[in-house]
$ cat run_9.cif   # mmCIF, C-alpha atoms and all ligand atoms
data_upload
loop_
_atom_site.label_atom_id
_atom_site.label_comp_id
_atom_site.auth_asym_id
_atom_site.auth_seq_id
_atom_site.Cartn_x
_atom_site.Cartn_y
_atom_site.Cartn_z
CA MET A 30 0.00 0.00 0.00
CA PHE A 31 2.83 2.42 0.78
CA ASP A 32 5.20 3.61 -1.90
CA PHE A 33 8.18 5.82 -1.04
CA ILE A 34 10.06 5.36 -4.33
CA GLY A 35 12.56 8.19 -4.79
CA LYS A 36 11.92 9.68 -1.37
CA VAL A 37 14.87 10.38 0.94
CA VAL A 38 14.11 9.42 4.54
CA LEU A 39 16.35 10.40 7.45
CA ILE A 40 15.80 8.29 10.57
CA THR A 41 17.51 9.20 13.83
CA GLY A 42 18.05 6.21 16.08
CA GLY A 43 17.78 4.15 12.90
CA SER A 44 20.21 1.47 13.97
CA ARG A 45 18.26 -0.46 16.61
CA GLY A 46 14.78 -1.37 17.76
CA LEU A 47 11.94 0.31 15.93
CA GLY A 48 14.42 2.62 14.18
CA LYS A 49 16.03 -0.36 12.48
CA ALA A 50 12.61 -1.79 11.57
CA MET A 51 11.73 1.61 10.03
CA SER A 52 15.04 1.85 8.13
CA GLU A 53 14.42 -1.57 6.61
CA GLY A 54 10.71 -0.96 6.06
CA PHE A 55 11.18 2.37 4.27
CA ALA A 56 13.90 0.80 2.11
CA ARG A 57 11.57 -2.08 1.16
CA ALA A 58 8.99 0.55 0.17
CA GLY A 59 11.50 2.14 -2.24
CA ALA A 60 12.97 4.98 -0.16
CA LYS A 61 16.61 6.03 0.02
CA VAL A 62 17.32 5.74 3.73
CA ILE A 63 19.78 7.66 5.89
CA VAL A 64 20.42 5.54 8.96
CA SER A 65 21.68 7.68 11.84
CA SER A 66 22.62 7.11 15.47
CA ARG A 67 25.65 7.74 17.68
CA LYS A 68 27.45 4.51 16.79
CA ILE A 69 28.49 4.59 13.15
CA GLU A 70 29.33 0.87 13.00
CA ALA A 71 25.78 -0.08 13.99
CA CYS A 72 24.38 2.31 11.34
CA LYS A 73 26.74 0.93 8.71
CA ALA A 74 25.62 -2.64 9.49
CA VAL A 75 21.96 -1.71 8.93
CA ALA A 76 22.79 0.23 5.73
CA LYS A 77 24.89 -2.67 4.44
CA SER A 78 22.11 -5.22 4.95
CA ILE A 79 19.63 -2.88 3.20
CA ASN A 80 21.99 -2.40 0.24
CA GLU A 81 22.69 -6.14 0.03
CA ALA A 82 18.94 -6.79 -0.07
CA GLY A 83 18.67 -4.50 -3.13
CA GLY A 84 17.64 -1.31 -1.34
CA GLU A 85 19.50 1.97 -0.92
CA ALA A 86 20.86 3.33 2.36
CA ILE A 87 23.77 5.27 3.82
CA ALA A 88 24.99 5.58 7.41
CA LEU A 89 25.69 8.91 9.14
CA ALA A 90 26.63 9.24 12.81
CA ALA A 91 25.16 11.96 15.03
CA ASN A 92 24.38 12.43 18.68
CA VAL A 93 20.94 14.06 18.78
CA GLY A 94 22.00 15.79 22.00
CA SER A 95 24.67 17.78 20.09
CA THR A 96 23.60 20.66 17.85
CA GLN A 97 27.04 20.51 16.22
CA ASP A 98 26.47 16.86 15.27
CA LEU A 99 23.00 17.72 13.93
CA ASP A 100 24.39 20.53 11.75
CA GLN A 101 26.91 18.04 10.33
CA LEU A 102 24.18 15.41 9.82
CA LYS A 103 22.03 17.90 7.90
CA ASP A 104 24.99 19.04 5.77
CA ASP A 105 26.12 15.47 5.00
CA ALA A 106 22.58 14.30 4.19
CA LEU A 107 22.03 17.23 1.79
CA ALA A 108 25.50 16.81 0.27
CA HIS A 109 24.78 13.14 -0.47
CA TYR A 110 21.18 13.19 -1.70
CA GLY A 111 20.51 16.88 -2.36
CA HIS A 112 17.33 16.85 -0.30
CA VAL A 113 15.52 15.14 2.57
CA ASP A 114 11.80 14.44 2.05
CA ILE A 115 10.92 12.72 5.32
CA LEU A 116 12.53 13.23 8.72
CA VAL A 117 11.72 10.68 11.41
CA ASN A 118 12.81 12.07 14.79
CA ASN A 119 12.91 8.64 16.41
CA ALA A 120 15.98 8.71 18.69
CA GLY A 121 14.90 9.04 22.29
CA ILE A 122 16.15 8.09 25.72
CA ASN A 123 14.78 7.28 29.14
CA ILE A 124 17.80 7.46 31.42
CA ALA A 125 16.02 8.84 34.49
CA MET A 126 13.32 6.63 35.89
CA GLY A 127 12.33 7.02 39.52
CA ALA A 128 10.71 9.31 42.02
CA LEU A 129 10.88 13.04 41.23
CA THR A 130 12.44 13.60 44.65
CA ASP A 131 15.40 11.43 43.60
CA LEU A 132 16.10 12.68 40.06
CA SER A 133 19.02 14.95 39.19
CA PRO A 134 19.23 18.23 37.22
CA ASP A 135 21.88 16.67 34.97
CA ALA A 136 19.51 13.88 33.95
CA PHE A 137 16.80 16.50 33.35
CA ASP A 138 19.09 18.44 30.99
CA LYS A 139 20.24 15.35 29.10
CA MET A 140 16.70 14.05 28.63
CA TYR A 141 15.58 17.43 27.24
CA GLN A 142 18.57 17.67 24.93
CA VAL A 143 17.88 14.31 23.29
CA ASN A 144 14.09 14.05 23.50
CA GLN A 145 13.07 17.61 22.72
CA ARG A 146 15.88 20.01 21.76
CA GLY A 147 17.47 17.67 19.21
CA PRO A 148 14.25 16.84 17.34
CA TRP A 149 13.32 20.55 17.21
CA TYR A 150 16.81 21.58 16.10
CA LEU A 151 17.16 19.01 13.31
CA ALA A 152 13.63 19.57 12.00
CA SER A 153 13.97 23.34 12.04
CA ARG A 154 17.33 23.26 10.23
CA LEU A 155 15.96 20.90 7.56
CA ALA A 156 12.60 22.66 7.11
CA PRO A 157 13.88 25.50 4.88
CA HIS A 158 15.56 22.92 2.62
CA MET A 159 12.37 20.85 2.47
CA ALA A 160 10.47 24.00 1.55
CA GLU A 161 12.95 24.82 -1.24
CA ASN A 162 12.40 21.32 -2.57
CA GLY A 163 8.61 21.65 -2.60
CA GLY A 164 7.81 20.36 0.90
CA GLY A 165 8.29 17.41 3.20
CA VAL A 166 7.18 15.43 6.21
CA VAL A 167 8.35 15.42 9.83
CA ILE A 168 7.37 12.68 12.26
CA ASN A 169 8.22 13.18 15.93
CA PHE A 170 8.34 10.19 18.24
CA LEU A 171 6.56 10.70 21.53
CA SER A 172 5.28 8.04 23.87
CA VAL A 173 1.81 7.43 25.21
CA SER A 174 3.30 8.56 28.52
CA ALA A 175 3.31 12.12 27.09
CA LEU A 176 -0.49 11.96 27.06
CA LYS A 177 -1.02 9.75 30.13
CA PRO A 178 2.02 10.42 32.35
CA PRO A 179 2.79 7.58 34.76
CA ALA A 180 4.48 7.85 38.16
CA PHE A 181 8.27 7.31 38.16
CA MET A 182 8.60 8.29 34.47
CA GLY A 183 8.28 12.04 35.04
CA PHE A 184 11.20 13.30 32.93
CA TYR A 185 10.40 10.94 30.07
CA ALA A 186 6.73 11.91 30.03
CA ALA A 187 7.55 15.61 30.35
CA THR A 188 10.14 15.68 27.56
CA LYS A 189 7.79 13.82 25.23
CA ALA A 190 4.88 16.11 26.16
CA ALA A 191 7.12 19.08 25.34
CA LEU A 192 7.83 17.59 21.92
CA ASP A 193 4.08 17.09 21.44
CA ALA A 194 3.58 20.84 21.92
CA LEU A 195 6.39 21.63 19.48
CA THR A 196 4.87 19.25 16.92
CA LYS A 197 1.67 21.30 16.89
CA VAL A 198 3.66 24.53 16.53
CA MET A 199 5.82 23.10 13.72
CA ALA A 200 2.66 21.96 11.89
CA GLN A 201 1.22 25.48 12.04
CA GLU A 202 4.39 27.35 11.15
CA TRP A 203 5.44 25.02 8.34
CA ALA A 204 2.11 24.24 6.65
CA PRO A 205 2.64 27.22 4.31
CA MET A 206 5.93 25.53 3.29
CA ASN A 207 4.02 22.33 2.41
CA ILE A 208 5.61 20.48 5.33
CA ARG A 209 3.29 18.19 7.28
CA VAL A 210 4.31 17.55 10.88
CA ASN A 211 2.77 14.86 13.06
CA ALA A 212 3.67 12.90 16.15
CA ILE A 213 3.27 9.26 16.98
CA ALA A 214 2.73 8.16 20.56
CA PRO A 215 3.42 4.45 20.88
CA GLY A 216 2.59 2.37 23.88
CA SER A 217 5.18 -0.20 24.89
CA TYR A 218 6.81 -2.44 22.32
CA TYR A 219 9.78 -4.68 23.01
CA SER A 220 13.13 -2.89 22.55
CA ASP A 221 16.32 -2.12 24.51
CA LEU A 222 14.55 0.89 26.01
CA THR A 223 11.59 -1.20 27.19
CA ASP A 224 13.89 -3.89 28.54
CA GLY A 225 15.55 -1.16 30.65
CA ALA A 226 12.20 -0.07 32.10
CA ILE A 227 11.24 -3.68 32.81
CA ALA A 228 14.53 -4.17 34.66
CA ALA A 229 14.27 -0.89 36.59
CA ILE A 230 10.62 -0.83 37.66
CA PRO A 231 9.19 -3.88 39.42
CA GLY A 232 5.85 -4.89 37.86
CA PHE A 233 6.36 -2.60 34.81
CA GLU A 234 5.74 -5.32 32.23
CA GLU A 235 2.69 -6.74 34.00
CA GLY A 236 1.37 -3.20 34.55
CA ILE A 237 1.59 -2.32 30.84
CA ILE A 238 -0.08 -5.56 29.80
CA ASP A 239 -2.84 -5.06 32.34
CA ALA A 240 -3.42 -1.41 31.36
CA ASN A 241 -3.99 -1.92 27.63
CA LEU A 242 -6.97 -3.48 25.93
CA ILE A 243 -5.02 -5.84 23.66
CA LYS A 244 -3.34 -7.36 26.77
CA ARG A 245 0.19 -7.63 25.47
CA ILE A 246 3.26 -5.52 24.67
CA ALA A 247 3.69 -4.89 20.94
CA ALA A 248 6.47 -6.05 18.63
CA SER A 249 8.36 -3.07 17.16
CA ASP A 250 7.22 -3.78 13.59
CA GLU A 251 3.59 -3.32 14.66
CA ILE A 252 4.32 0.43 14.87
CA LEU A 253 5.44 0.55 11.21
CA ASN A 254 2.07 1.01 9.52
CA PRO A 255 1.11 4.07 11.60
CA VAL A 256 4.51 5.59 10.73
CA PHE A 257 4.03 4.85 7.03
CA TYR A 258 0.57 6.41 7.16
CA LEU A 259 1.98 9.66 8.56
CA ALA A 260 4.90 9.60 6.10
CA GLY A 261 2.78 9.01 3.00
CA GLU A 262 0.70 11.47 1.03
CA SER A 263 -2.23 12.56 3.18
CA TYR A 264 -4.41 15.41 4.39
CA THR A 265 -3.13 14.89 7.96
CA THR A 266 -1.02 17.38 9.84
CA GLY A 267 -0.66 18.53 13.46
CA ILE A 268 -1.95 15.30 15.02
CA THR A 269 -0.63 12.87 17.59
CA LEU A 270 -1.43 9.35 16.53
CA THR A 271 -1.47 6.80 19.34
CA ALA A 272 -0.49 3.18 18.76
CA ASP A 273 -0.80 1.87 22.29
CA GLY A 274 -3.03 -1.18 22.28
CA GLY A 275 -5.82 0.91 23.78
CA MET A 276 -4.00 2.11 26.89
CA MET A 277 -6.45 2.93 29.68
CA VAL A 278 -5.63 5.27 32.55
CA LYS A 279 -5.60 3.25 35.78
N1 LIG B 1 10.23 1.02 23.26
C1 LIG B 1 9.03 1.47 23.54
O1 LIG B 1 8.16 0.75 24.07
C2 LIG B 1 8.67 2.90 23.25
C3 LIG B 1 7.40 3.33 23.60
C4 LIG B 1 7.04 4.62 23.33
C5 LIG B 1 7.91 5.46 22.67
N2 LIG B 1 9.14 5.03 22.33
C6 LIG B 1 10.01 5.97 21.63
O2 LIG B 1 10.36 5.42 20.38
C7 LIG B 1 11.69 5.83 20.01
C8 LIG B 1 12.57 4.63 19.73
O3 LIG B 1 12.62 3.84 20.89
P1 LIG B 1 13.26 2.37 20.91
O4 LIG B 1 12.67 1.70 22.09
O5 LIG B 1 13.13 1.73 19.55
O6 LIG B 1 14.75 2.73 21.24
P2 LIG B 1 16.04 1.80 21.45
O7 LIG B 1 15.76 0.37 21.12
O8 LIG B 1 16.55 2.14 22.80
O9 LIG B 1 17.00 2.39 20.32
C9 LIG B 1 17.36 3.73 20.40
C10 LIG B 1 17.98 4.17 19.09
O10 LIG B 1 18.31 5.54 19.24
C11 LIG B 1 19.72 5.69 19.14
N3 LIG B 1 20.11 6.72 20.11
C12 LIG B 1 20.05 6.68 21.46
N4 LIG B 1 20.50 7.83 21.98
C13 LIG B 1 20.85 8.62 20.92
C14 LIG B 1 21.39 9.93 20.79
N5 LIG B 1 21.69 10.67 21.86
N6 LIG B 1 21.62 10.41 19.56
C15 LIG B 1 21.34 9.67 18.47
N7 LIG B 1 20.84 8.43 18.52
C16 LIG B 1 20.59 7.92 19.73
C17 LIG B 1 20.32 4.32 19.41
O11 LIG B 1 21.55 4.09 18.75
P3 LIG B 1 23.01 4.50 19.38
O12 LIG B 1 23.12 3.83 20.69
O13 LIG B 1 23.98 4.06 18.34
O14 LIG B 1 22.98 6.00 19.45
C18 LIG B 1 19.25 3.44 18.78
O15 LIG B 1 19.41 3.37 17.38
C19 LIG B 1 12.18 6.69 21.16
O16 LIG B 1 11.95 8.05 20.88
C20 LIG B 1 11.34 6.23 22.34
O17 LIG B 1 11.22 7.23 23.31
C21 LIG B 1 9.54 3.77 22.61
#
$ encode --input "run_9.cif" --output "structure tokens"
Amino acid sequence: MFDFIGKVVLITGGSRGLGKAMSEGFARAGAKVIVSSRKIEACKAVAKSINEAGGEAIALAANVGSTQDLDQLKDDALAHYGHVDILVNNAGINIAMGALTDLSPDAFDKMYQVNQRGPWYLASRLAPHMAENGGGVVINFLSVSALKPPAFMGFYAATKAALDALTKVMAQEWAPMNIRVNAIAPGSYYSDLTDGAIAAIPGFEEGIIDANLIKRIAASDEILNPVFYLAGESYTTGITLTADGGMMVK
């Protein structure tokens, strides 16, 4: 159903978890994929397997917490392909789980840098180039916790909620440039990040399963179709699409 032939897609955090599934999925759908994360070897491995399977991908390293890295990423992406049609701001971290009384200002700053400042910075530096090329698409990765914030995940929920607000502002400011901007708010799917939460918070896994209607945690590739929907041609901008198994507030 989805055809991204000729489109250039830049995916931050494209080397692991859902990011890897998206890199491979966009390539299967005909896109030229820029796989980015901090560790260049991991990105190269994903790009290599895509190219060996007949797709097209390159690897570019960048730490989303560094504006210098993001400037370089933008320059290298444009130097290689000439344009970026779809930006997926997927890289995100959850390094500070616990009671608000116990969390540190350093963790607060780092979470904001990666989960909110980086996605805003990269999108806003690419937007003028997308506009020059006739338009584009930005997809920001939130979490359902941005909309239904749980105890002991305060910084994660807050940084993702902040990105939700910026998504709505980007959509308004960039609609005249023919750039559609949407967010996706997944519930839990199995990944390194989820494994960390399961290890850190007793009862986390059981709690998630109990709180959603489908009564299981998703596999990462179950989030692909909602991403493709937002990335494809559509009349949709400024929304936050949940893919959370019907998460109910407890
Ligand atoms: N897993 C879930 O259940 C879940 C639920 C809701 C929302 N989300 C959101 O979905 C997105 C992807 O999550 P995931 O679980 O698939 O993540 P993951 O398995 O932990 O993978 C994270 C990816 O981001 C990269 N990354 C981490 N820190 C980075 C940084 N500072 N700069 C650039 N790249 C960085 C990692 O590669 P390197 O280590 O090489 O940098 C990796 O490719 C995140 O935004 C997360 O908040 C996840």
$ closest_residue --input "run_9.cif" --among "A:Leu99, A:Met199, A:Ile252, A:Val62" --to "Ile115 (chain A)" --atoms "all atoms listed in the file"
A:Val62
$ closest_residue --input "run_9.cif" --among "A:Asp135, A:Glu202, A:Asp32, A:Glu70" --to "ligand LIG 1 (chain B)" --atoms "only C-alpha atoms and all ligand atoms"
A:Glu70
$ residues_around --input "run_9.cif" --residues "region 33-39 of chain A" --least-positions-apart "3" --cutoff "8 Å" --atoms "only C-alpha atoms" --output "PyMOL selection string"
chain A and resi 55+58-65+110+112-117+261
$ residues_near_ligand --input "run_9.cif" --ligand "ligand LIG 1 (chain B)" --cutoff "6 Å" --atoms "all atoms listed in the file" --output "JSON, numbers by chain"
{"A": [41, 42, 43, 44, 45, 46, 47, 48, 66, 67, 68, 91, 92, 93, 94, 119, 120, 121, 122, 143, 170, 171, 172, 215, 216, 217, 218, 219, 220, 221, 222, 223]}
$ atom_distance --input "run_9.cif" --atom1 "CA of Leu242 (chain A)" --atom2 "CA of Ile230 (chain A)"
21.3 Å
$ closest_residue --input "run_9.cif" --among "A:Ile208, A:Leu132, A:Leu259, A:Val173" --to "Pro157 (chain A)" --atoms "all atoms listed in the file"
A:Ile208
$ atom_distance --input "run_9.cif" --atom1 "CA of Thr269 (chain A)" --atom2 "CA of Gln101 (chain A)"
28.9 Å
$ residues_around --input "run_9.cif" --residues "Arg209 (chain A)" --least-positions-apart "5" --cutoff "8 Å" --atoms "only C-alpha atoms" --output "tab-separated table (two decimals) with C-alpha atoms, in the coordinates of the input"
chain	number	residue	atom	x	y	z
A	165	GLY	CA	8.29	17.41	3.20
A	166	VAL	CA	7.18	15.43	6.21
A	167	VAL	CA	8.35	15.42	9.83
A	200	ALA	CA	2.66	21.96	11.89
A	203	TRP	CA	5.44	25.02	8.34
A	204	ALA	CA	2.11	24.24	6.65
A	265	THR	CA	-3.13	14.89	7.96
A	266	THR	CA	-1.02	17.38	9.84
A	267	GLY	CA	-0.66	18.53	13.46
$ closest_residue --input "run_9.cif" --among "A:Asn207, A:Ser263, A:Asn144, A:Thr196" --to "Glu161 (chain A)" --atoms "all atoms listed in the file"
A:Asn207
$ residues_around --input "run_9.cif" --residues "Met126 (chain A)" --least-positions-apart "4" --cutoff "9 Å" --atoms "all atoms listed in the file" --output "list in words"
Leu132, Phe181, Met182, Gly183, Phe184, Tyr185, Ala226, Ala229 and Ile230 of chain A
$ residues_near_point --input "run_9.cif" --point "(-3.2, -1.2, 29.8)" --cutoff "6 Å" --atoms "all atoms listed in the file" --output "list in words"
Ile237, Ile238, Asp239, Ala240, Asn241, Leu242, Met276 and Met277 of chain A
$ residues_around --input "run_9.cif" --residues "Ile168 (chain A)" --least-positions-apart "5" --cutoff "6 Å" --atoms "all atoms listed in the file" --output "PyMOL selection string"
chain A and resi 117+210-212
$ closest_residue --input "run_9.cif" --among "A:Asn80, A:Gln145, A:Thr188, A:Ser174" --to "Asn118 (chain A)" --atoms "only C-alpha atoms"
A:Gln145
$ closest_residue --input "run_9.cif" --among "A:Glu81, A:Asn162, A:Thr96, A:Leu253" --to "Gly111 (chain A)" --atoms "only C-alpha atoms"
A:Asn162
$ axis_aligned_box --input "run_9.cif" --around "region 255-259 of chain A" --padding-each-side "3 Å" --output "lines of an AutoDock Vina configuration file"
center_x = 2.5
center_y = 6.9
center_z = 9.3
size_x = 9.9
size_y = 11.6
size_z = 10.6
$ atom_distance --input "run_9.cif" --atom1 "CA of Lys103 (chain A)" --atom2 "CA of Met159 (chain A)"
11.5 Å
$ build_atoms --input "run_9.cif" --residues "region 102-137 of chain A" --atoms "N, CA and C atoms" --output "PDB file, in the coordinates of the input"
ATOM      1  N   LEU A 102      25.099  16.419  10.395  1.00  0.00           N
ATOM      2  CA  LEU A 102      24.180  15.410   9.820  1.00  0.00           C
ATOM      3  C   LEU A 102      23.370  16.033   8.687  1.00  0.00           C
ATOM      4  N   LYS A 103      22.828  17.208   8.934  1.00  0.00           N
ATOM      5  CA  LYS A 103      22.030  17.900   7.900  1.00  0.00           C
ATOM      6  C   LYS A 103      22.909  18.177   6.671  1.00  0.00           C
ATOM      7  N   ASP A 104      24.111  18.707   6.901  1.00  0.00           N
ATOM      8  CA  ASP A 104      24.990  19.040   5.770  1.00  0.00           C
ATOM      9  C   ASP A 104      25.352  17.780   4.977  1.00  0.00           C
ATOM     10  N   ASP A 105      25.703  16.704   5.686  1.00  0.00           N
ATOM     11  CA  ASP A 105      26.120  15.470   5.000  1.00  0.00           C
ATOM     12  C   ASP A 105      24.945  14.839   4.241  1.00  0.00           C
ATOM     13  N   ALA A 106      23.759  14.869   4.849  1.00  0.00           N
ATOM     14  CA  ALA A 106      22.580  14.300   4.190  1.00  0.00           C
ATOM     15  C   ALA A 106      22.281  15.067   2.903  1.00  0.00           C
ATOM     16  N   LEU A 107      22.335  16.407   2.973  1.00  0.00           N
ATOM     17  CA  LEU A 107      22.030  17.230   1.790  1.00  0.00           C
ATOM     18  C   LEU A 107      23.136  17.093   0.751  1.00  0.00           C
ATOM     19  N   ALA A 108      24.396  16.970   1.226  1.00  0.00           N
ATOM     20  CA  ALA A 108      25.500  16.810   0.270  1.00  0.00           C
ATOM     21  C   ALA A 108      25.354  15.494  -0.490  1.00  0.00           C
ATOM     22  N   HIS A 109      24.862  14.454   0.183  1.00  0.00           N
ATOM     23  CA  HIS A 109      24.780  13.140  -0.470  1.00  0.00           C
ATOM     24  C   HIS A 109      23.581  13.026  -1.399  1.00  0.00           C
ATOM     25  N   TYR A 110      22.404  13.416  -0.906  1.00  0.00           N
ATOM     26  CA  TYR A 110      21.180  13.190  -1.700  1.00  0.00           C
ATOM     27  C   TYR A 110      20.581  14.471  -2.281  1.00  0.00           C
ATOM     28  N   GLY A 111      21.058  15.628  -1.835  1.00  0.00           N
ATOM     29  CA  GLY A 111      20.510  16.880  -2.360  1.00  0.00           C
ATOM     30  C   GLY A 111      19.273  17.372  -1.643  1.00  0.00           C
ATOM     31  N   HIS A 112      18.534  16.459  -1.027  1.00  0.00           N
ATOM     32  CA  HIS A 112      17.330  16.850  -0.300  1.00  0.00           C
ATOM     33  C   HIS A 112      16.941  15.752   0.680  1.00  0.00           C
ATOM     34  N   VAL A 113      16.120  16.116   1.655  1.00  0.00           N
ATOM     35  CA  VAL A 113      15.520  15.140   2.570  1.00  0.00           C
ATOM     36  C   VAL A 113      14.012  15.360   2.490  1.00  0.00           C
ATOM     37  N   ASP A 114      13.263  14.311   2.178  1.00  0.00           N
ATOM     38  CA  ASP A 114      11.800  14.440   2.050  1.00  0.00           C
ATOM     39  C   ASP A 114      11.078  14.142   3.353  1.00  0.00           C
ATOM     40  N   ILE A 115      11.613  13.180   4.109  1.00  0.00           N
ATOM     41  CA  ILE A 115      10.920  12.720   5.320  1.00  0.00           C
ATOM     42  C   ILE A 115      11.941  12.627   6.446  1.00  0.00           C
ATOM     43  N   LEU A 116      11.679  13.338   7.529  1.00  0.00           N
ATOM     44  CA  LEU A 116      12.530  13.230   8.720  1.00  0.00           C
ATOM     45  C   LEU A 116      11.751  12.489   9.792  1.00  0.00           C
ATOM     46  N   VAL A 117      12.339  11.399  10.296  1.00  0.00           N
ATOM     47  CA  VAL A 117      11.720  10.680  11.410  1.00  0.00           C
ATOM     48  C   VAL A 117      12.595  10.921  12.640  1.00  0.00           C
ATOM     49  N   ASN A 118      12.109  11.776  13.528  1.00  0.00           N
ATOM     50  CA  ASN A 118      12.810  12.070  14.790  1.00  0.00           C
ATOM     51  C   ASN A 118      12.490  10.956  15.774  1.00  0.00           C
ATOM     52  N   ASN A 119      13.225   9.839  15.623  1.00  0.00           N
ATOM     53  CA  ASN A 119      12.910   8.640  16.410  1.00  0.00           C
ATOM     54  C   ASN A 119      13.801   8.477  17.637  1.00  0.00           C
ATOM     55  N   ALA A 120      15.060   8.939  17.564  1.00  0.00           N
ATOM     56  CA  ALA A 120      15.980   8.710  18.690  1.00  0.00           C
ATOM     57  C   ALA A 120      15.401   9.317  19.965  1.00  0.00           C
ATOM     58  N   GLY A 121      15.409   8.544  21.011  1.00  0.00           N
ATOM     59  CA  GLY A 121      14.900   9.040  22.290  1.00  0.00           C
ATOM     60  C   GLY A 121      15.482   8.207  23.409  1.00  0.00           C
ATOM     61  N   ILE A 122      15.551   8.801  24.588  1.00  0.00           N
ATOM     62  CA  ILE A 122      16.150   8.090  25.720  1.00  0.00           C
ATOM     63  C   ILE A 122      15.246   8.175  26.947  1.00  0.00           C
ATOM     64  N   ASN A 123      15.451   7.243  27.835  1.00  0.00           N
ATOM     65  CA  ASN A 123      14.780   7.280  29.140  1.00  0.00           C
ATOM     66  C   ASN A 123      15.800   6.846  30.189  1.00  0.00           C
ATOM     67  N   ILE A 124      16.686   7.800  30.526  1.00  0.00           N
ATOM     68  CA  ILE A 124      17.800   7.460  31.420  1.00  0.00           C
ATOM     69  C   ILE A 124      17.496   7.804  32.872  1.00  0.00           C
ATOM     70  N   ALA A 125      16.302   8.360  33.134  1.00  0.00           N
ATOM     71  CA  ALA A 125      16.020   8.840  34.490  1.00  0.00           C
ATOM     72  C   ALA A 125      14.645   8.383  34.933  1.00  0.00           C
ATOM     73  N   MET A 126      14.582   7.132  35.349  1.00  0.00           N
ATOM     74  CA  MET A 126      13.320   6.630  35.890  1.00  0.00           C
ATOM     75  C   MET A 126      13.412   6.648  37.407  1.00  0.00           C
ATOM     76  N   GLY A 127      12.336   7.012  38.058  1.00  0.00           N
ATOM     77  CA  GLY A 127      12.330   7.020  39.520  1.00  0.00           C
ATOM     78  C   GLY A 127      11.512   8.172  40.051  1.00  0.00           C
ATOM     79  N   ALA A 128      11.492   8.268  41.368  1.00  0.00           N
ATOM     80  CA  ALA A 128      10.710   9.310  42.020  1.00  0.00           C
ATOM     81  C   ALA A 128      11.279  10.685  41.716  1.00  0.00           C
ATOM     82  N   LEU A 129      10.432  11.681  41.531  1.00  0.00           N
ATOM     83  CA  LEU A 129      10.880  13.040  41.230  1.00  0.00           C
ATOM     84  C   LEU A 129      11.821  13.573  42.307  1.00  0.00           C
ATOM     85  N   THR A 130      11.595  13.145  43.537  1.00  0.00           N
ATOM     86  CA  THR A 130      12.440  13.600  44.650  1.00  0.00           C
ATOM     87  C   THR A 130      13.872  13.084  44.519  1.00  0.00           C
ATOM     88  N   ASP A 131      14.074  12.047  43.708  1.00  0.00           N
ATOM     89  CA  ASP A 131      15.400  11.430  43.600  1.00  0.00           C
ATOM     90  C   ASP A 131      16.154  11.834  42.327  1.00  0.00           C
ATOM     91  N   LEU A 132      15.481  12.466  41.376  1.00  0.00           N
ATOM     92  CA  LEU A 132      16.100  12.680  40.060  1.00  0.00           C
ATOM     93  C   LEU A 132      17.007  13.917  40.072  1.00  0.00           C
ATOM     94  N   SER A 133      18.000  13.899  39.149  1.00  0.00           N
ATOM     95  CA  SER A 133      19.020  14.950  39.190  1.00  0.00           C
ATOM     96  C   SER A 133      18.827  15.975  38.061  1.00  0.00           C
ATOM     97  N   PRO A 134      19.289  17.210  38.286  1.00  0.00           N
ATOM     98  CA  PRO A 134      19.230  18.230  37.220  1.00  0.00           C
ATOM     99  C   PRO A 134      20.008  17.814  35.972  1.00  0.00           C
ATOM    100  N   ASP A 135      21.106  17.090  36.143  1.00  0.00           N
ATOM    101  CA  ASP A 135      21.880  16.670  34.970  1.00  0.00           C
ATOM    102  C   ASP A 135      21.067  15.736  34.081  1.00  0.00           C
ATOM    103  N   ALA A 136      20.346  14.807  34.725  1.00  0.00           N
ATOM    104  CA  ALA A 136      19.510  13.880  33.950  1.00  0.00           C
ATOM    105  C   ALA A 136      18.399  14.656  33.246  1.00  0.00           C
ATOM    106  N   PHE A 137      17.844  15.649  33.941  1.00  0.00           N
ATOM    107  CA  PHE A 137      16.800  16.500  33.350  1.00  0.00           C
ATOM    108  C   PHE A 137      17.326  17.138  32.061  1.00  0.00           C
TER     109      PHE A 137
END
